[in-house]
Amino acid sequence: MGVEATAPASLQEVINWARKNSVWPVTFGLACCALEMMVASSSTYDIARFGAEVFRPSPRQADLMIVAGTVTRKMAPMLKRIYEQMPEPKWVIAYGACACSGGIFQTYNVVQGVDQIIPVDVYVPGCPPRPEGLLKGIITLQEKIAVEPAGQRKLVSLPWGNNG
Amino acid sequence: MDSGMVGNLLKETFPEAVLKIEDFRGETSVTVDAGKIRKIMAFLKESEKLCYDLLLDLAGVDFNDRTPRFMIAYMLHSTKFNNKLRIKTTVAEGVSLDTVSDIWLAANWMEREVFDMLGIIFNNHPNLIRILLTDDFVGHPLRKDFPVKGLDFDKPLQVCLEEEQ
């Protein structure tokens with residue numbers, strides 16, 4: 001057990017509070033859902049209110065992957081690689097029916113739900129979901145992050161490993 | 001030259017290879033013998049009177065219950081005379097067809113797509129590998145006997161990255 005895992009609950013709350021208010025998504029749009037994701041960052045919907053407006057072009061700087069759109073089987077290795085390149089702690093929102101379950105594409109070339117490849121924290125259904133859906137998804141994720149216990153998320157940048 | 005007269009010119013030049021000439025609403029379709037496809041295509045492109053210098057599309061069709069089973073359609077366009085021509089040919093299952101990718105370079109990827117989706121082999125193609133689907137895909141999905149959901153639809157997808165191996 002690492003040093004940080006024994007930290008008092010109040011410190012963990014501080015860490016969670018900092019994390020949940022600066023969830024930076026990686027720029028990752030696959031299909032039409034990505035357009036709704038872009039609209040969510042416009043002034044009308046203003047994703048910046050939740051500290052998630054900084055879409056990073058590099059997965060190395062991102063905390064959140066919004067899988068927005070249809071995941072084809074050919075895209076699946078790239079998606080997994082981008083996820084693996086993101087530093088811990090990291091979260092995933094499956095945005096739209098295709099990312100959740102394959103949607104209308106019950107075919108040979110579409111992954112039937114991105115959770116077959118990477119772990120998903122929040123599912124946002126819809127085809128495509130409105131930008132409010134994404135905002136609700138981010139709020140739900142923030143509520144989830146706020147109560148995460150110590151030791152649940154790896155932090156590889158610290159030498160003692162798990163720190164919650 | 002007007003596209004309606006192209007059929008007659010082809011019939012004069014290749015009397016035994018031209019099987020059928022159709023005219024429908026100003027569109028001309030010529031069905032030709034698959035064995036002579038390269039000679040006819042080279043003629044259509046090189047001839048001064050025709051000059052079909054642009055290959056718009058190359059597509060395959062699976063008729064499943066017909067014999068021969070497959071049809072390949074070439075959509076040609078002449079930028080000089082501004083008209084279009086459709087060339088059709090039929091291919092049986094397991095029979096290969098000569099490539100036209102050295103006549104029009106655009107045919108390279110189109111023939112790869114037809115190979116990928118229907119499994120038709122093009123002789124002398126420089127790089128006949130899958131273009132749309134993954135390299136390890138089994139089957140040719142635009143064939144009518146291919147299940148729409150694929151062969152392993154109900155199994156979870158395993159993704160193994162190169163660096164994990």
# chains A, B, ... in the order shown; residues from 1 in each chain; ligands from 1
call {"tool": "closest_atom_pairs", "arguments": {"of": "chain A", "to": "chain B", "cutoff": "10 Å", "atoms": "only C-alpha atoms", "output": "tab-separated table"}}
result
residue	atom	partner	partner_atom	distance
A:Thr72	CA	B:Leu133	CA	9.5
A:Arg73	CA	B:Thr134	CA	7.5
A:Lys74	CA	B:Thr134	CA	5.7
A:Met75	CA	B:Thr134	CA	9.4
A:Ala76	CA	B:Val159	CA	7.0
A:Pro77	CA	B:Val159	CA	6.1
A:Met78	CA	B:Leu161	CA	8.7
A:Leu79	CA	B:Val159	CA	9.9
A:Lys80	CA	B:Val159	CA	7.8
A:Arg81	CA	B:Leu161	CA	7.3
A:Phe105	CA	B:Lys149	CA	8.9
A:Gln106	CA	B:Lys149	CA	5.9
A:Thr107	CA	B:Lys149	CA	4.2
A:Tyr108	CA	B:Gly150	CA	4.2
A:Asn109	CA	B:Leu133	CA	7.6
A:Val110	CA	B:Lys149	CA	9.3
A:Val111	CA	B:Leu157	CA	7.2
A:Gln112	CA	B:Leu157	CA	8.4
A:Gly113	CA	B:Leu157	CA	9.6
A:Val114	CA	B:Leu157	CA	9.6
A:Asp115	CA	B:Leu157	CA	9.8
A:Gln116	CA	B:Leu157	CA	6.2
A:Ile117	CA	B:Val159	CA	6.7
A:Ile118	CA	B:Val159	CA	9.8
call {"tool": "residues_around", "arguments": {"residues": "region 41-44 of chain B", "least_positions_apart": "2", "cutoff": "12 Å", "atoms": "only C-alpha atoms", "output": "VMD selection string"}}
result
chain B and resid 1 3 6 to 7 9 to 10 13 to 14 17 30 32 to 39 46 to 55 74 to 78 84 to 89 98 to 104 107
call {"tool": "write_last_selection", "arguments": {"atoms": "C-alpha atoms", "output": "compact mmCIF listing (two decimals), in the first residue's frame"}}
result
# COMPACT_ATOMS: atom_id res chain seq x y z
CA MET B 1 -17.96 11.45 -81.01
CA SER B 3 -21.82 8.36 -77.10
CA VAL B 6 -19.64 4.63 -79.78
CA GLY B 7 -21.46 1.31 -79.53
CA LEU B 9 -17.86 1.87 -83.62
CA LEU B 10 -16.98 -0.71 -80.95
CA THR B 13 -13.79 -2.73 -84.30
CA PHE B 14 -14.41 -5.77 -82.06
CA ALA B 17 -16.20 -9.16 -78.29
CA VAL B 30 -21.92 -1.82 -73.85
CA VAL B 32 -18.32 -6.92 -73.67
CA ASP B 33 -16.45 -10.19 -73.37
CA ALA B 34 -14.30 -10.32 -70.22
CA GLY B 35 -11.36 -11.83 -72.06
CA LYS B 36 -11.00 -8.83 -74.38
CA ILE B 37 -11.45 -6.17 -71.70
CA ARG B 38 -7.89 -4.85 -71.88
CA LYS B 39 -7.86 -4.44 -75.65
CA GLU B 46 -6.18 5.77 -77.04
CA SER B 47 -8.55 6.25 -79.97
CA GLU B 48 -8.53 9.83 -81.27
CA LYS B 49 -12.23 9.68 -82.01
CA LEU B 50 -13.26 8.52 -78.52
CA CYS B 51 -10.59 9.64 -76.06
CA TYR B 52 -12.17 8.25 -72.86
CA ASP B 53 -9.36 9.55 -70.71
CA LEU B 54 -11.12 9.48 -67.33
CA LEU B 55 -12.26 6.42 -65.40
CA TYR B 74 -16.69 0.67 -65.80
CA MET B 75 -17.89 4.26 -66.00
CA LEU B 76 -15.85 6.21 -68.53
CA HIS B 77 -15.81 9.91 -69.31
CA SER B 78 -14.26 11.76 -72.21
CA LYS B 84 -19.95 9.25 -70.80
CA LEU B 85 -19.93 5.54 -71.54
CA ARG B 86 -20.66 2.49 -69.43
CA ILE B 87 -18.82 -0.76 -70.13
CA LYS B 88 -20.10 -3.95 -68.50
CA THR B 89 -18.60 -7.38 -68.34
CA ASP B 98 -7.38 -8.57 -66.35
CA THR B 99 -6.49 -5.32 -64.63
CA VAL B 100 -6.92 -1.93 -66.26
CA SER B 101 -4.86 -0.16 -63.61
CA ASP B 102 -2.04 0.47 -66.10
CA ILE B 103 -4.46 2.13 -68.53
CA TRP B 104 -6.09 4.37 -65.93
CA ALA B 107 -8.37 1.80 -61.37
call {"tool": "select_by_dssp", "arguments": {"residues": "region 2-145 of chain A", "states": "alpha helix (DSSP H)", "output": "PDB file with C-alpha atoms, in the first residue's frame"}}
result
ATOM      1  CA  ALA A   9     -10.221  11.460   3.423  1.00  0.00           C
ATOM      2  CA  SER A  10     -10.108  15.236   3.370  1.00  0.00           C
ATOM      3  CA  LEU A  11      -6.958  15.230   1.214  1.00  0.00           C
ATOM      4  CA  GLN A  12      -8.627  12.788  -1.134  1.00  0.00           C
ATOM      5  CA  GLU A  13     -11.574  15.136  -1.377  1.00  0.00           C
ATOM      6  CA  VAL A  14      -9.234  17.966  -2.311  1.00  0.00           C
ATOM      7  CA  ILE A  15      -7.624  15.820  -5.002  1.00  0.00           C
ATOM      8  CA  ASN A  16     -11.008  14.776  -6.362  1.00  0.00           C
ATOM      9  CA  TRP A  17     -12.228  18.345  -6.326  1.00  0.00           C
ATOM     10  CA  ALA A  18      -9.232  19.454  -8.358  1.00  0.00           C
ATOM     11  CA  ARG A  19      -9.610  16.594 -10.795  1.00  0.00           C
ATOM     12  CA  LYS A  20     -13.313  16.938 -11.406  1.00  0.00           C
ATOM     13  CA  CYS A  33     -21.624  12.885 -32.793  1.00  0.00           C
ATOM     14  CA  ALA A  34     -18.361  14.825 -32.979  1.00  0.00           C
ATOM     15  CA  LEU A  35     -20.269  17.794 -34.429  1.00  0.00           C
ATOM     16  CA  GLU A  36     -22.527  17.871 -31.372  1.00  0.00           C
ATOM     17  CA  MET A  37     -19.396  17.669 -29.225  1.00  0.00           C
ATOM     18  CA  MET A  38     -17.970  20.705 -31.067  1.00  0.00           C
ATOM     19  CA  VAL A  39     -21.227  22.605 -30.557  1.00  0.00           C
ATOM     20  CA  ALA A  40     -20.977  21.844 -26.846  1.00  0.00           C
ATOM     21  CA  ALA A  76     -10.412   0.063 -32.946  1.00  0.00           C
ATOM     22  CA  PRO A  77      -6.589  -0.350 -32.623  1.00  0.00           C
ATOM     23  CA  MET A  78      -6.034   3.403 -33.033  1.00  0.00           C
ATOM     24  CA  LEU A  79      -8.689   4.145 -30.418  1.00  0.00           C
ATOM     25  CA  LYS A  80      -7.115   1.750 -27.955  1.00  0.00           C
ATOM     26  CA  ARG A  81      -3.647   3.147 -28.621  1.00  0.00           C
ATOM     27  CA  ILE A  82      -4.792   6.732 -27.985  1.00  0.00           C
ATOM     28  CA  TYR A  83      -6.434   5.575 -24.754  1.00  0.00           C
ATOM     29  CA  GLU A  84      -3.243   3.814 -23.666  1.00  0.00           C
ATOM     30  CA  GLN A  85      -1.235   6.956 -24.404  1.00  0.00           C
ATOM     31  CA  ALA A  97     -25.687   5.139 -29.530  1.00  0.00           C
ATOM     32  CA  CYS A  98     -22.870   3.848 -31.745  1.00  0.00           C
ATOM     33  CA  ALA A  99     -20.181   4.232 -29.099  1.00  0.00           C
ATOM     34  CA  CYS A 100     -22.491   2.753 -26.439  1.00  0.00           C
ATOM     35  CA  SER A 101     -23.692  -0.315 -28.307  1.00  0.00           C
ATOM     36  CA  PRO A 131     -24.979  19.011 -26.517  1.00  0.00           C
ATOM     37  CA  GLU A 132     -26.929  19.142 -23.273  1.00  0.00           C
ATOM     38  CA  GLY A 133     -26.509  15.365 -23.189  1.00  0.00           C
ATOM     39  CA  LEU A 134     -22.754  15.753 -23.223  1.00  0.00           C
ATOM     40  CA  LEU A 135     -22.929  18.386 -20.491  1.00  0.00           C
ATOM     41  CA  LYS A 136     -25.078  16.035 -18.401  1.00  0.00           C
ATOM     42  CA  GLY A 137     -22.549  13.283 -19.078  1.00  0.00           C
ATOM     43  CA  ILE A 138     -19.713  15.485 -17.860  1.00  0.00           C
ATOM     44  CA  ILE A 139     -21.707  16.468 -14.749  1.00  0.00           C
ATOM     45  CA  THR A 140     -22.368  12.782 -14.056  1.00  0.00           C
ATOM     46  CA  LEU A 141     -18.672  12.077 -14.481  1.00  0.00           C
ATOM     47  CA  GLN A 142     -17.818  14.907 -12.103  1.00  0.00           C
ATOM     48  CA  GLU A 143     -20.177  13.455  -9.512  1.00  0.00           C
ATOM     49  CA  LYS A 144     -18.448  10.112  -9.977  1.00  0.00           C
ATOM     50  CA  ILE A 145     -14.969  11.614  -9.636  1.00  0.00           C
TER      51      ILE A 145
END
call {"tool": "atom_distance", "arguments": {"atom1": "CA of Pro15 (chain B)", "atom2": "CA of Leu58 (chain B)"}}
result
24.0 Å
call {"tool": "atom_distance", "arguments": {"atom1": "CA of Val92 (chain A)", "atom2": "CA of Pro25 (chain A)"}}
result
9.1 Å
call {"tool": "select_by_dssp", "arguments": {"residues": "region 29-131 of chain A", "states": "strand (DSSP E or B)", "output": "PyMOL selection string"}}
result
chain A and resi 29+56+64-68+72+91-95+110+122-124
